[in-house]
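Input: a single structure, listed below in structure tokens.
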Amino acid sequence: MTPTIDSDRLWQSIMDMAEIGPTPEGGSCRLALTSEDTAARALFLRWCKPLGLHHDQDAIGNMFLRRAGSDTTAPAIAFGSHLDTVPTGGRFDGIAGVLAGLEVLRALHDAGIATRAPLELVNWMNEEGSRFSPAMMGSRVAAGELPLARALAITDDAGISVAQALADSGQGGALTPAPRDWSAWLELHIEQGPVMEATGAEIGIVVGTMHARYFQITVTGEPSHVGPTEMNRRHDSLAAAAEVIMEVERAGLAAEPGGRASTSWIENTPNARGNVPHITRLHFDVRHNSQEAAVAMDASLRQSMSGIAERRGVRIDVNPYAAFGPIAFDRRLGALLRQKAAARQLTTRDMIAAAGHDSVFMAPLVPSAMLFVPSVAGITHNPKEYSTKEQVARGAQVLLDAVLELAGI
């Protein structure tokens, strides 16, 4: 008999993790490599210790917890997600995937089941990208998509580098980031959208991702006094940036249902009363199911920004600093997840992931798949983010069933 997930234990683990970095609204704030993130990692390790797992950590802060297999030559079956959150995060995004993976190992330990292949549970560093950009940093570096030296030099808004944050938190490991000896990668995640709830699907089989393109722009105008400077003599970087923001929103609205576009970060200089702003920086992204459509959105926005710059007498510099997808996940693994869900009498739905996930960077290296569980009302990156105990447990059970099939006994 396949061992059964302990839904109460899994749920309590999620609730206990939420006690680290709590927000007044009931959510979580654990930015990468902060004291809260470090405390979450320590709690995670304490939970892993009774299972006899081998812990490795690489130089970018990715955590790998390995359960030995009976075949010492077999590549591992790997699974996991991330424990870091956005500033206004909920209790489930990423966390559900790591702790469902932990529950898989706990259930196997309780049942005394040894697998032929090793199993490896992963907590990726800085998946969210809220403190250090780009997102999915740990998996990018491990996959060779972002050189380690470049990642270590990236700074947060306070000027603290990734290298310094790793040293301060004690989260830099001895391993050189690199692809690992895995034969499969699986990630459980909440949907972060309303589709599954609306359609009654209990397990989402993620067949691929959107194509996403990320940009930082710098709008450079001219400093002046808000009183004496007539409106038609101003070169206001913030006003120009406001037009860009609206253009980004219009691009996203025009691209639905297959596309999205969002401005998510702004920095303004001198940000002082009485001064016309002269340097404004924005981060925005465009994404679409079709790479060609995302490229067209990019081109259209660049054309709009050129017109804004000329009309307002400012300079707009565009830095396209990251991109991902589209990724097609492994069909064989998707079929396995579909089969395991059906064996548990769970309804499934094939889905495209609109958000970025660490699995995007694993897919080119190793057969990879994702499964979603529903998000109540589709709310995410919000303290109200919620999936029920039953929904998370169903996903964890499908994960466990698939891991056992892949690893063998």
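Chain identifiers are assigned as A, B, and so on, following the order in which chains appear in the structure tokens; residues are numbered from 1 within each chain, and ligands are numbered from 1 in order of appearance.
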
If you run DSSP over the backbone, which residues in range 136-363 of chain A end up alpha helix (DSSP H)? Put them as a VMD selection string.
-> chain A and resid 137 to 143 148 to 153 162 to 169 195 to 199 237 to 255 291 to 312 331 to 343 359 to 362

Can you spit out the residues from that selection as a short mmCIF file (atom, residue, chain, number, x, y, z; two decimals), in the first residue's frame, using C-alpha atoms?
data_model
loop_
_atom_site.label_atom_id
_atom_site.label_comp_id
_atom_site.auth_asym_id
_atom_site.auth_seq_id
_atom_site.Cartn_x
_atom_site.Cartn_y
_atom_site.Cartn_z
CA MET A 137 17.78 33.55 -8.61
CA GLY A 138 18.88 30.36 -6.89
CA SER A 139 17.60 28.09 -9.62
CA ARG A 140 18.94 30.42 -12.35
CA VAL A 141 22.43 30.20 -10.88
CA ALA A 142 22.21 26.43 -10.34
CA ALA A 143 21.11 25.98 -13.96
CA LEU A 148 27.44 33.06 -9.69
CA ALA A 149 29.78 36.06 -9.58
CA ARG A 150 27.17 38.28 -11.22
CA ALA A 151 24.46 37.09 -8.84
CA LEU A 152 26.64 37.68 -5.78
CA ALA A 153 27.25 41.28 -6.88
CA VAL A 162 23.75 39.06 -2.28
CA ALA A 163 27.28 38.08 -1.20
CA GLN A 164 26.99 40.19 1.95
CA ALA A 165 23.49 38.92 2.74
CA LEU A 166 24.67 35.31 2.36
CA ALA A 167 27.58 35.99 4.71
CA ASP A 168 25.44 37.87 7.25
CA SER A 169 22.78 35.14 7.29
CA VAL A 195 -9.41 28.71 -12.87
CA MET A 196 -9.31 25.51 -10.84
CA GLU A 197 -11.86 26.73 -8.32
CA ALA A 198 -14.17 27.92 -11.10
CA THR A 199 -13.97 24.64 -13.01
CA SER A 237 10.77 62.20 -15.02
CA LEU A 238 7.94 61.09 -12.73
CA ALA A 239 5.22 62.48 -14.99
CA ALA A 240 6.84 60.71 -17.93
CA ALA A 241 7.05 57.50 -15.91
CA ALA A 242 3.35 57.82 -15.08
CA GLU A 243 2.60 57.77 -18.79
CA VAL A 244 4.77 54.67 -19.19
CA ILE A 245 2.88 52.95 -16.37
CA MET A 246 -0.42 53.59 -18.10
CA GLU A 247 0.99 52.32 -21.40
CA VAL A 248 2.08 49.11 -19.67
CA GLU A 249 -1.40 48.65 -18.23
CA ARG A 250 -3.00 49.27 -21.63
CA ALA A 251 -0.67 46.71 -23.20
CA GLY A 252 -1.72 44.11 -20.64
CA LEU A 253 -5.42 44.81 -21.08
CA ALA A 254 -5.08 44.56 -24.86
CA ALA A 255 -3.22 41.25 -24.56
CA GLN A 291 6.52 34.26 -27.35
CA GLU A 292 5.86 36.15 -30.58
CA ALA A 293 3.03 38.06 -28.92
CA ALA A 294 5.22 38.94 -25.92
CA VAL A 295 7.94 40.21 -28.27
CA ALA A 296 5.32 42.32 -30.05
CA MET A 297 4.17 43.77 -26.70
CA ASP A 298 7.80 44.62 -25.95
CA ALA A 299 8.23 46.37 -29.31
CA SER A 300 4.99 48.31 -28.94
CA LEU A 301 5.93 49.56 -25.48
CA ARG A 302 9.37 50.64 -26.67
CA GLN A 303 7.73 52.64 -29.43
CA SER A 304 5.36 54.27 -26.93
CA MET A 305 8.25 55.14 -24.61
CA SER A 306 10.14 56.72 -27.47
CA GLY A 307 7.17 59.00 -28.14
CA ILE A 308 6.82 59.88 -24.45
CA ALA A 309 10.52 60.73 -24.21
CA GLU A 310 10.41 62.99 -27.26
CA ARG A 311 7.23 64.78 -26.22
CA ARG A 312 8.38 65.42 -22.64
CA ARG A 331 4.79 14.93 -21.14
CA ARG A 332 5.65 11.60 -19.53
CA LEU A 333 5.77 13.14 -16.07
CA GLY A 334 2.57 15.07 -16.75
CA ALA A 335 0.88 11.82 -17.73
CA LEU A 336 2.16 10.18 -14.55
CA LEU A 337 0.71 12.95 -12.39
CA ARG A 338 -2.58 12.70 -14.29
CA GLN A 339 -2.63 8.94 -13.74
CA LYS A 340 -1.88 9.21 -10.02
CA ALA A 341 -4.59 11.83 -9.56
CA ALA A 342 -7.11 9.63 -11.38
CA ALA A 343 -6.19 6.67 -9.20
CA SER A 359 10.79 24.61 -12.50
CA VAL A 360 11.27 26.87 -15.54
CA PHE A 361 15.04 26.57 -15.09
CA MET A 362 15.01 22.87 -14.27
#

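Counting from CA of Asn126 in chain A, the distance to CA of Ala32 in chain A is 5.0 Å.
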
Could you write out, as an NGL selection string, all the residues of range 259-289 of chain A that DSSP marks as strand (DSSP E)?
-> :A and (259-269 or 275-276 or 279-288)

For N, CA and C atoms, I'd like the residues from the last selection saved as a short mmCIF file (atom, residue, chain, number, x, y, z; two decimals), in the first residue's frame.
data_model
loop_
_atom_site.label_atom_id
_atom_site.label_comp_id
_atom_site.auth_asym_id
_atom_site.auth_seq_id
_atom_site.Cartn_x
_atom_site.Cartn_y
_atom_site.Cartn_z
N GLY A 259 -2.29 37.26 -22.42
CA GLY A 259 -1.14 38.06 -22.01
C GLY A 259 -1.37 38.87 -20.76
N ARG A 260 -0.28 39.37 -20.22
CA ARG A 260 -0.30 40.21 -19.03
C ARG A 260 0.81 41.26 -19.16
N ALA A 261 0.66 42.38 -18.46
CA ALA A 261 1.73 43.37 -18.36
C ALA A 261 1.53 44.13 -17.06
N SER A 262 2.62 44.35 -16.33
CA SER A 262 2.49 44.98 -15.01
C SER A 262 3.73 45.81 -14.68
N THR A 263 3.51 46.96 -14.07
CA THR A 263 4.58 47.72 -13.43
C THR A 263 4.52 47.41 -11.95
N SER A 264 5.67 47.06 -11.36
CA SER A 264 5.62 46.55 -9.98
C SER A 264 6.59 47.23 -9.02
N TRP A 265 7.42 48.14 -9.51
CA TRP A 265 8.41 48.78 -8.63
C TRP A 265 8.74 50.14 -9.20
N ILE A 266 8.93 51.13 -8.30
CA ILE A 266 9.27 52.48 -8.74
C ILE A 266 10.22 53.11 -7.72
N GLU A 267 11.19 53.87 -8.22
CA GLU A 267 12.12 54.63 -7.39
C GLU A 267 12.22 56.02 -8.00
N ASN A 268 12.10 57.04 -7.17
CA ASN A 268 12.02 58.41 -7.67
C ASN A 268 13.07 59.28 -6.99
N THR A 269 13.73 60.13 -7.77
CA THR A 269 14.77 61.03 -7.27
C THR A 269 14.49 62.45 -7.72
N ASN A 275 10.61 69.78 -5.35
CA ASN A 275 11.49 69.46 -6.47
C ASN A 275 10.73 68.75 -7.58
N VAL A 276 10.94 69.18 -8.81
CA VAL A 276 10.46 68.42 -9.96
C VAL A 276 11.37 67.19 -10.10
N ILE A 279 14.98 61.87 -11.96
CA ILE A 279 15.36 60.49 -12.27
C ILE A 279 14.31 59.57 -11.67
N THR A 280 13.68 58.77 -12.49
CA THR A 280 12.68 57.81 -12.03
C THR A 280 12.97 56.46 -12.67
N ARG A 281 12.98 55.44 -11.83
CA ARG A 281 13.24 54.07 -12.33
C ARG A 281 12.00 53.22 -12.10
N LEU A 282 11.71 52.37 -13.06
CA LEU A 282 10.58 51.45 -12.99
C LEU A 282 11.03 50.05 -13.34
N HIS A 283 10.35 49.06 -12.76
CA HIS A 283 10.43 47.69 -13.24
C HIS A 283 9.06 47.32 -13.79
N PHE A 284 9.05 46.72 -14.98
CA PHE A 284 7.80 46.18 -15.50
C PHE A 284 8.08 44.89 -16.26
N ASP A 285 7.04 44.13 -16.48
CA ASP A 285 7.20 42.91 -17.27
C ASP A 285 6.02 42.74 -18.20
N VAL A 286 6.26 42.02 -19.28
CA VAL A 286 5.19 41.59 -20.18
C VAL A 286 5.30 40.08 -20.30
N ARG A 287 4.17 39.43 -20.44
CA ARG A 287 4.19 37.97 -20.60
C ARG A 287 2.99 37.53 -21.44
N HIS A 288 3.16 36.42 -22.11
CA HIS A 288 2.09 35.93 -22.99
C HIS A 288 2.31 34.45 -23.24
#

Leaving out Ala353 in chain A and any residue of its chain fewer than 4 positions from it, which residues lie within 7 Å of it when counting only C-alpha atoms, given as a PyMOL selection string?
-> chain A and resi 206+208-210

Any idea what's packed within 10 Å of Gly313 in chain A, counting only C-alpha atoms, ignoring anything in its chain fewer than 6 positions away? Could you give it as a PDB file with C-alpha atoms, in the first residue's frame?
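Ended up saving to selection.pdb:
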ATOM      1  CA  THR A 220      16.098  61.027 -16.867  1.00  0.00           C
ATOM      2  CA  GLY A 221      14.744  64.562 -16.884  1.00  0.00           C
ATOM      3  CA  GLU A 222      16.024  67.806 -15.368  1.00  0.00           C
ATOM      4  CA  ARG A 233       9.493  74.202 -19.196  1.00  0.00           C
ATOM      5  CA  ARG A 234       9.597  71.084 -17.042  1.00  0.00           C
ATOM      6  CA  HIS A 235      11.325  67.815 -17.874  1.00  0.00           C
ATOM      7  CA  ASP A 236       9.547  65.800 -15.190  1.00  0.00           C
ATOM      8  CA  SER A 237      10.770  62.199 -15.023  1.00  0.00           C
ATOM      9  CA  ALA A 240       6.838  60.709 -17.934  1.00  0.00           C
ATOM     10  CA  GLY A 307       7.175  58.997 -28.145  1.00  0.00           C
TER      11      GLY A 307
END

Counting only C-alpha atoms, what is within 10 Å of Ile160 in chain A, bar same-chain residues fewer than 6 positions away, as an mmCIF file with C-alpha atoms, in the first residue's frame?
data_model
loop_
_atom_site.group_PDB
_atom_site.id
_atom_site.type_symbol
_atom_site.label_atom_id
_atom_site.label_comp_id
_atom_site.auth_asym_id
_atom_site.auth_seq_id
_atom_site.Cartn_x
_atom_site.Cartn_y
_atom_site.Cartn_z
ATOM 1 C CA ARG A 131 14.673 41.707 -2.327
ATOM 2 C CA PHE A 132 17.165 40.825 -5.049
ATOM 3 C CA ALA A 153 27.248 41.280 -6.880
ATOM 4 C CA ILE A 154 23.531 42.153 -7.169
#

Can you pull out the residues contacting Asp58 in chain A? Cut-off 10 Å, using only C-alpha atoms, and skip same-chain residues under 6 positions away; I want them as a PDB file with N, CA and C atoms, in the first residue's frame.
ATOM      1  N   PHE A  64      19.595  21.520  -0.149  1.00  0.00           N
ATOM      2  CA  PHE A  64      19.298  20.200  -0.697  1.00  0.00           C
ATOM      3  C   PHE A  64      19.314  19.181   0.442  1.00  0.00           C
ATOM      4  N   MET A 125      16.717  29.417  -3.247  1.00  0.00           N
ATOM      5  CA  MET A 125      16.935  30.762  -2.698  1.00  0.00           C
ATOM      6  C   MET A 125      16.325  31.833  -3.603  1.00  0.00           C
ATOM      7  N   GLY A 138      18.157  31.559  -7.254  1.00  0.00           N
ATOM      8  CA  GLY A 138      18.884  30.356  -6.886  1.00  0.00           C
ATOM      9  C   GLY A 138      18.865  29.311  -7.975  1.00  0.00           C
ATOM     10  N   ALA A 142      21.961  27.872 -10.316  1.00  0.00           N
ATOM     11  CA  ALA A 142      22.211  26.432 -10.338  1.00  0.00           C
ATOM     12  C   ALA A 142      22.140  25.875 -11.755  1.00  0.00           C
ATOM     13  N   GLN A 171      24.060  31.702   5.133  1.00  0.00           N
ATOM     14  CA  GLN A 171      23.365  30.799   4.212  1.00  0.00           C
ATOM     15  C   GLN A 171      24.171  30.439   2.973  1.00  0.00           C
ATOM     16  N   GLY A 172      25.401  30.926   2.876  1.00  0.00           N
ATOM     17  CA  GLY A 172      26.255  30.538   1.763  1.00  0.00           C
ATOM     18  C   GLY A 172      26.885  29.186   2.037  1.00  0.00           C
ATOM     19  N   GLY A 173      26.697  28.231   1.144  1.00  0.00           N
ATOM     20  CA  GLY A 173      27.237  26.891   1.350  1.00  0.00           C
ATOM     21  C   GLY A 173      28.527  26.654   0.601  1.00  0.00           C
ATOM     22  N   ALA A 174      29.074  25.461   0.781  1.00  0.00           N
ATOM     23  CA  ALA A 174      30.368  25.121   0.189  1.00  0.00           C
ATOM     24  C   ALA A 174      30.256  24.638  -1.253  1.00  0.00           C
ATOM     25  N   LEU A 175      29.093  24.172  -1.655  1.00  0.00           N
ATOM     26  CA  LEU A 175      28.949  23.609  -3.000  1.00  0.00           C
ATOM     27  C   LEU A 175      28.979  24.694  -4.075  1.00  0.00           C
ATOM     28  N   THR A 176      29.598  24.388  -5.194  1.00  0.00           N
ATOM     29  CA  THR A 176      29.503  25.261  -6.357  1.00  0.00           C
ATOM     30  C   THR A 176      28.159  25.009  -7.030  1.00  0.00           C
ATOM     31  N   PRO A 177      27.352  26.048  -7.248  1.00  0.00           N
ATOM     32  CA  PRO A 177      26.045  25.828  -7.889  1.00  0.00           C
ATOM     33  C   PRO A 177      26.200  25.180  -9.259  1.00  0.00           C
ATOM     34  N   ALA A 178      25.445  24.125  -9.475  1.00  0.00           N
ATOM     35  CA  ALA A 178      25.532  23.375 -10.731  1.00  0.00           C
ATOM     36  C   ALA A 178      24.351  22.422 -10.813  1.00  0.00           C
TER      37      ALA A 178
END

Could you jot down the CA of Val314 in chain A to CA of Ala212 in chain A separation for me, Å, one decimal place?
-> 27.3 Å

Surrounding residues of Ile113 in chain A excluding itself and chain neighbours under 2 positions, 12 Å, only C-alpha atoms, as a ChimeraX atom specification = /A:1-4,67-70,104-111,115-117,404,407-409

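Ranking A:Val86, A:Ala135, A:Ala76, A:Ala354 by their shortest atom-to-atom distance to Trp182 in chain A, with only C-alpha atoms included, puts A:Ala76 first.
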
What does the distance from CA of Tyr214 in chain A to CA of Ile60 in chain A come to in Å, to one decimal?
->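 Value for the CA of Tyr214 in chain A-CA of Ile60 in chain A distance: 21.7 Å.
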